[in-house]
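So this block is start_7.cif, mmCIF, C-alpha atoms:
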```
data_structure
#
loop_
_atom_site.label_atom_id
_atom_site.label_comp_id
_atom_site.auth_asym_id
_atom_site.auth_seq_id
_atom_site.Cartn_x
_atom_site.Cartn_y
_atom_site.Cartn_z
CA GLY B 1 166.04 -52.36 -112.69
CA GLU B 2 164.99 -55.63 -114.16
CA SER B 3 167.25 -57.85 -116.21
CA VAL B 4 166.38 -61.07 -117.96
CA GLY B 5 168.74 -63.86 -118.93
CA LEU B 6 168.42 -67.18 -120.68
CA HIS B 7 170.56 -70.14 -119.79
CA LEU B 8 171.26 -71.46 -123.29
CA PRO B 9 171.52 -69.51 -126.54
CA THR B 10 170.75 -72.66 -128.54
CA LEU B 11 168.89 -75.90 -127.90
CA SER B 12 168.85 -78.87 -130.24
CA VAL B 13 166.20 -81.61 -129.83
CA GLN B 14 164.87 -84.60 -131.73
CA GLU B 15 161.41 -84.43 -133.22
CA GLY B 16 158.93 -85.87 -130.75
CA ASP B 17 161.02 -85.12 -127.67
CA ASN B 18 160.02 -82.57 -125.06
CA SER B 19 161.86 -79.25 -125.01
CA ILE B 20 162.57 -77.08 -122.00
CA ILE B 21 163.73 -73.50 -122.39
CA ASN B 22 164.78 -71.59 -119.30
CA CYS B 23 164.84 -67.96 -118.28
CA ALA B 24 165.98 -66.11 -115.17
CA TYR B 25 164.92 -62.67 -114.02
CA SER B 26 166.34 -60.36 -111.40
CA ASN B 27 163.49 -58.37 -109.87
CA SER B 28 161.48 -60.36 -107.35
CA ALA B 29 158.65 -57.80 -107.64
CA SER B 30 158.05 -58.52 -111.35
CA ASP B 31 154.49 -59.66 -111.82
CA TYR B 32 153.86 -60.66 -115.41
CA PHE B 33 155.82 -63.00 -117.64
CA ILE B 34 155.40 -63.87 -121.31
CA TRP B 35 156.96 -66.29 -123.76
CA TYR B 36 157.29 -65.30 -127.40
CA LYS B 37 158.23 -67.30 -130.48
CA GLN B 38 160.05 -65.62 -133.33
CA GLU B 39 160.34 -67.35 -136.66
CA SER B 40 162.82 -66.24 -139.26
CA GLY B 41 161.75 -62.99 -140.92
CA LYS B 42 158.81 -62.42 -138.59
CA GLY B 43 158.01 -60.48 -135.48
CA PRO B 44 157.66 -62.16 -132.07
CA GLN B 45 154.42 -64.03 -131.59
CA PHE B 46 152.72 -64.55 -128.23
CA ILE B 47 152.83 -68.15 -126.96
CA ILE B 48 151.73 -68.11 -123.34
CA ASP B 49 151.83 -65.88 -120.30
CA ILE B 50 151.68 -66.23 -116.53
CA ARG B 51 151.15 -63.85 -113.66
CA SER B 52 153.03 -63.93 -110.40
CA ASN B 53 150.07 -65.33 -108.47
CA MET B 54 150.42 -68.61 -110.40
CA ASP B 55 153.11 -71.31 -110.53
CA LYS B 56 152.04 -73.11 -113.68
CA ARG B 57 149.95 -72.49 -116.73
CA GLN B 58 149.22 -74.82 -119.62
CA GLY B 59 148.34 -74.19 -123.22
CA GLN B 60 148.24 -76.39 -126.27
CA ARG B 61 151.45 -78.46 -126.06
CA VAL B 62 153.12 -75.73 -123.99
CA THR B 63 153.49 -75.24 -120.26
CA VAL B 64 155.02 -72.32 -118.44
CA LEU B 65 156.43 -72.81 -114.95
CA LEU B 66 157.24 -69.95 -112.64
CA ASN B 67 159.48 -70.37 -109.60
CA LYS B 68 159.40 -67.08 -107.74
CA THR B 69 161.72 -68.31 -105.01
CA VAL B 70 164.67 -68.60 -107.40
CA LYS B 71 163.28 -66.13 -109.98
CA HIS B 72 163.18 -68.68 -112.73
CA LEU B 73 160.80 -69.20 -115.60
CA SER B 74 160.65 -72.12 -118.00
CA LEU B 75 158.78 -73.01 -121.17
CA GLN B 76 158.08 -76.66 -121.84
CA ILE B 77 157.06 -77.79 -125.32
CA ALA B 78 155.64 -81.30 -125.52
CA ALA B 79 156.28 -83.55 -128.53
CA THR B 80 158.41 -80.97 -130.29
CA GLN B 81 157.74 -80.65 -134.01
CA PRO B 82 159.82 -79.17 -136.87
CA GLY B 83 157.44 -76.21 -136.93
CA ASP B 84 158.56 -75.36 -133.41
CA SER B 85 162.02 -74.42 -134.71
CA ALA B 86 162.40 -70.72 -133.89
CA VAL B 87 163.94 -68.32 -131.40
CA TYR B 88 162.10 -68.18 -128.08
CA PHE B 89 162.13 -65.13 -125.85
CA CYS B 90 160.93 -64.67 -122.33
CA ALA B 91 159.75 -61.19 -121.41
CA VAL B 92 159.08 -59.72 -118.01
CA ASN B 93 156.84 -56.82 -117.04
CA PRO B 94 158.43 -55.13 -114.04
CA THR B 95 156.04 -53.89 -111.38
CA GLY B 96 155.05 -50.36 -112.21
CA GLY B 97 156.37 -50.60 -115.75
CA TYR B 98 153.23 -49.72 -117.63
CA ASN B 99 153.22 -51.89 -120.71
CA LYS B 100 157.01 -52.17 -120.49
CA LEU B 101 158.54 -55.52 -121.32
CA ILE B 102 162.14 -56.50 -120.61
CA PHE B 103 163.27 -59.23 -123.01
CA GLY B 104 165.87 -61.91 -122.63
CA ALA B 105 168.37 -62.52 -125.43
CA GLY B 106 166.52 -65.53 -126.82
CA THR B 107 167.11 -69.29 -127.21
CA ARG B 108 167.24 -70.77 -130.69
CA LEU B 109 165.41 -74.10 -130.76
CA ALA B 110 166.47 -76.46 -133.55
CA VAL B 111 164.29 -79.56 -134.09
CA HIS B 112 165.90 -82.45 -135.94
CA PRO B 113 163.95 -85.26 -137.64
CA GLU Y 1 142.85 -59.02 -140.02
CA ALA Y 2 144.21 -57.49 -136.81
CA GLN Y 3 147.76 -56.45 -137.45
CA VAL Y 4 150.63 -54.04 -137.00
CA THR Y 5 152.10 -52.90 -140.31
CA GLN Y 6 155.60 -51.51 -140.66
CA ASN Y 7 157.22 -49.95 -143.71
CA PRO Y 8 159.67 -50.36 -145.21
CA ARG Y 9 160.66 -53.97 -144.50
CA TYR Y 10 164.23 -53.35 -145.61
CA LEU Y 11 166.23 -50.16 -146.06
CA ILE Y 12 169.88 -49.47 -146.80
CA THR Y 13 170.82 -45.83 -146.48
CA VAL Y 14 173.76 -43.55 -145.77
CA THR Y 15 174.91 -41.86 -142.60
CA GLY Y 16 173.15 -38.58 -141.92
CA LYS Y 17 170.23 -38.98 -144.31
CA LYS Y 18 166.98 -38.56 -142.39
CA LEU Y 19 164.59 -41.48 -142.55
CA THR Y 20 161.20 -42.46 -141.17
CA VAL Y 21 159.91 -45.94 -140.45
CA THR Y 22 156.13 -46.01 -140.38
CA CYS Y 23 153.98 -48.13 -138.07
CA SER Y 24 150.23 -48.50 -138.23
CA GLN Y 25 147.82 -50.69 -136.24
CA ASN Y 26 144.16 -51.45 -136.93
CA MET Y 27 143.15 -52.73 -133.48
CA ASN Y 28 142.36 -49.36 -131.85
CA HIS Y 29 145.11 -50.02 -129.32
CA GLU Y 30 146.07 -47.17 -127.04
CA TYR Y 31 149.63 -48.28 -126.42
CA MET Y 32 152.36 -48.45 -129.06
CA SER Y 33 156.06 -49.05 -128.75
CA TRP Y 34 159.27 -49.35 -130.78
CA TYR Y 35 161.95 -51.92 -130.10
CA ARG Y 36 165.28 -52.66 -131.69
CA GLN Y 37 166.69 -56.17 -131.85
CA ASP Y 38 170.41 -56.83 -131.91
CA PRO Y 39 172.22 -60.18 -131.76
CA GLY Y 40 172.70 -61.39 -128.20
CA LEU Y 41 170.77 -58.46 -126.73
CA GLY Y 42 167.14 -59.39 -127.25
CA LEU Y 43 164.65 -56.61 -127.85
CA ARG Y 44 165.25 -53.22 -126.26
CA GLN Y 45 162.60 -50.55 -126.02
CA ILE Y 46 163.32 -47.26 -127.83
CA TYR Y 47 160.17 -45.19 -127.27
CA TYR Y 48 156.61 -45.85 -126.28
CA SER Y 49 153.31 -44.03 -126.40
CA MET Y 50 150.39 -44.52 -124.03
CA ASN Y 51 147.98 -42.55 -126.17
CA VAL Y 52 147.70 -39.79 -128.75
CA GLU Y 53 150.21 -37.00 -128.07
CA VAL Y 54 151.68 -38.96 -125.12
CA THR Y 55 155.15 -40.39 -125.73
CA ASP Y 56 158.09 -41.27 -123.52
CA LYS Y 57 161.60 -42.64 -123.73
CA GLY Y 58 162.37 -46.31 -123.37
CA ASP Y 59 165.76 -47.78 -122.59
CA VAL Y 60 167.67 -46.76 -125.73
CA PRO Y 61 166.11 -43.50 -127.07
CA GLU Y 62 169.30 -41.71 -128.20
CA GLY Y 63 169.24 -40.81 -131.89
CA TYR Y 64 165.51 -41.47 -132.34
CA LYS Y 65 162.32 -39.43 -132.35
CA VAL Y 66 158.69 -40.46 -132.44
CA SER Y 67 155.31 -38.83 -132.79
CA ARG Y 68 151.75 -39.92 -132.05
CA LYS Y 69 149.36 -37.58 -133.82
CA GLU Y 70 146.79 -40.28 -134.51
CA LYS Y 71 145.91 -43.36 -132.50
CA ARG Y 72 146.72 -45.79 -135.28
CA ASN Y 73 150.14 -44.42 -136.35
CA PHE Y 74 153.45 -44.27 -134.51
CA PRO Y 75 156.36 -43.40 -136.84
CA LEU Y 76 159.99 -43.77 -135.81
CA ILE Y 77 162.24 -40.97 -137.04
CA LEU Y 78 166.01 -41.07 -137.37
CA GLU Y 79 167.04 -37.46 -137.95
CA SER Y 80 170.72 -38.21 -138.61
CA PRO Y 81 171.22 -41.97 -138.80
CA SER Y 82 174.56 -43.47 -137.84
CA PRO Y 83 175.99 -46.97 -138.42
CA ASN Y 84 175.34 -47.98 -134.79
CA GLN Y 85 171.63 -47.71 -135.56
CA THR Y 86 171.91 -50.58 -137.99
CA SER Y 87 169.47 -53.05 -136.50
CA LEU Y 88 166.16 -54.88 -136.80
CA TYR Y 89 163.29 -52.71 -135.61
CA PHE Y 90 159.88 -53.81 -134.37
CA CYS Y 91 156.77 -51.83 -133.69
CA ALA Y 92 154.25 -53.24 -131.24
CA SER Y 93 150.82 -52.26 -129.98
CA SER Y 94 148.57 -53.37 -127.14
CA PRO Y 95 145.43 -52.32 -125.31
CA ALA Y 96 146.10 -50.20 -122.26
CA GLY Y 97 147.21 -52.53 -119.51
CA THR Y 98 150.20 -54.25 -118.00
CA GLY Y 99 151.91 -55.69 -121.04
CA ASP Y 100 149.47 -58.33 -122.21
CA GLY Y 101 148.00 -58.38 -125.66
CA TYR Y 102 151.15 -57.17 -127.37
CA THR Y 103 151.06 -57.54 -131.15
CA PHE Y 104 154.31 -57.06 -133.06
CA GLY Y 105 154.85 -55.96 -136.62
CA SER Y 106 156.95 -58.01 -139.02
CA GLY Y 107 160.03 -55.87 -138.55
CA THR Y 108 162.16 -53.37 -140.49
CA ARG Y 109 165.77 -54.21 -141.19
CA LEU Y 110 167.75 -50.97 -141.34
CA THR Y 111 171.33 -50.80 -142.58
CA ILE Y 112 173.18 -47.50 -142.21
CA VAL Y 113 176.44 -47.29 -144.16
#
```
Would you kindly transcribe this structure into structure tokens?
Amino acid sequence: GESVGLHLPTLSVQEGDNSIINCAYSNSASDYFIWYKQESGKGPQFIIDIRSNMDKRQGQRVTVLLNKTVKHLSLQIAATQPGDSAVYFCAVNPTGGYNKLIFGAGTRLAVHP
Amino acid sequence: EAQVTQNPRYLITVTGKKLTVTCSQNMNHEYMSWYRQDPGLGLRQIYYSMNVEVTDKGDVPEGYKVSRKEKRNFPLILESPSPNQTSLYFCASSPAGTGDGYTFGSGTRLTIV
């Protein structure tokens, strides 16, 4: 089956710097990948997604990169702000897993002024 | 406002006392799912439902029951709760598909003593 891991449980950055959060997955056939943001006391919120036929996708201040060769996914946040402080999860939809998402353990992003 | 509503938000109860966590969505989504979130483990799927009267086990179904009698509601039932079910629970819904469009509720923190 699929498993999802994150490289760092915590990441501390200065306000205004760029942040990079990484994620690794195990199943090369996985075809849909999502990043979620979870603020304290709230449920996960969708940030950005990418399908396996793409290598890069950009949103507002966020970019997701997918490297299928090494089964690695990253979330880049430009000009990190205090409001970006949260736990970030990557989630993977395994091929054939109808609406099933496998989540990583999460990276806590702390933004310091 | 499009949302997934869970109740209660917090509950402390005793071992063996049956409890139900309700989940309701107002987006006419076909798919609904329950996850539990534990430190260092991310979110793990308990049960899911692809439509009314259609439910199936996720990755950690032991000790839980669900029902889907109406499209909008998907309650989680713990017939005989035990301390290892102490966790943060999230309900999610999405349109039928491959995992996109997930909307999570705000969570229910259950403590079983």
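The space separating atom CA of Y:Gln25 from atom CA of Y:Gln3 comes to 5.9 Å.
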**Request:** Identify all residues satisfying the PyMOL selection byres ((chain B) within 8 of (chain Y)) in the given file; provide them as a list in words.
**Result:** Tyr32, Gly41, Lys42, Gly43, Pro44, Gln45, Phe46, Phe89, Asn93, Gly97, Tyr98, Asn99, Lys100, Leu101, Ile102, Phe103, Gly104, Ala105 and Gly106 of chain B
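For stretch 65-81 of chain B, the list of residues within 6 Å, based on only C-alpha atoms and with local chain neighbours fewer than 6 positions off taken out, reads Glu15, Gly16, Asp17, Asn18, Ser19, Ile20, Ile21, Asn22, Cys23, Ala24, Tyr25, Asp55 and Lys56 of chain B.
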**Message:** Show me the residues around (157.9, -67.2, -122.7) - criterion: an atom at most 6 Å away, all atoms listed in the file counted - as a PyMOL selection string.
**Reply:** chain B and resi 34-36+89-90
**Message:** So that I can see what lies close to B:Gly83, please list as a PyMOL selection string the residues with an atom at most 12 Å from it, counting all atoms listed in the file and leaving out residues fewer than 5 positions away in the same chain.
**Reply:** chain B and resi 15-16+37-40+77+109-113
With C-alpha atoms kept, could you save the residues just selected as a PDB file, in the frame of the given file?
```pdb
ATOM      1  CA  GLU B  15     161.410 -84.430-133.220  1.00  0.00           C
ATOM      2  CA  GLY B  16     158.930 -85.870-130.750  1.00  0.00           C
ATOM      3  CA  LYS B  37     158.230 -67.300-130.480  1.00  0.00           C
ATOM      4  CA  GLN B  38     160.050 -65.620-133.330  1.00  0.00           C
ATOM      5  CA  GLU B  39     160.340 -67.350-136.660  1.00  0.00           C
ATOM      6  CA  SER B  40     162.820 -66.240-139.260  1.00  0.00           C
ATOM      7  CA  ILE B  77     157.060 -77.790-125.320  1.00  0.00           C
ATOM      8  CA  LEU B 109     165.410 -74.100-130.760  1.00  0.00           C
ATOM      9  CA  ALA B 110     166.470 -76.460-133.550  1.00  0.00           C
ATOM     10  CA  VAL B 111     164.290 -79.560-134.090  1.00  0.00           C
ATOM     11  CA  HIS B 112     165.900 -82.450-135.940  1.00  0.00           C
ATOM     12  CA  PRO B 113     163.950 -85.260-137.640  1.00  0.00           C
TER      13      PRO B 113
END
```
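Our summary of the geometry notes that atom CA of Y:Lys65 is positioned 12.1 Å from atom CA of Y:Thr22.
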Which centre and which edge lengths, in Å to one decimal, describe the axis-aligned box that holds all listed atoms of stretch 14-30 of chain B after 6 Å is added on each side, as AutoDock Vina command-line options?
```
--center_x 162.2 --center_y -71.8 --center_z -120.3 --size_x 20.3 --size_y 40.1 --size_z 37.9
```
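The two atoms in question, atom CA of B:Ser28 and atom CA of B:Ser52, are spaced 9.7 Å apart.
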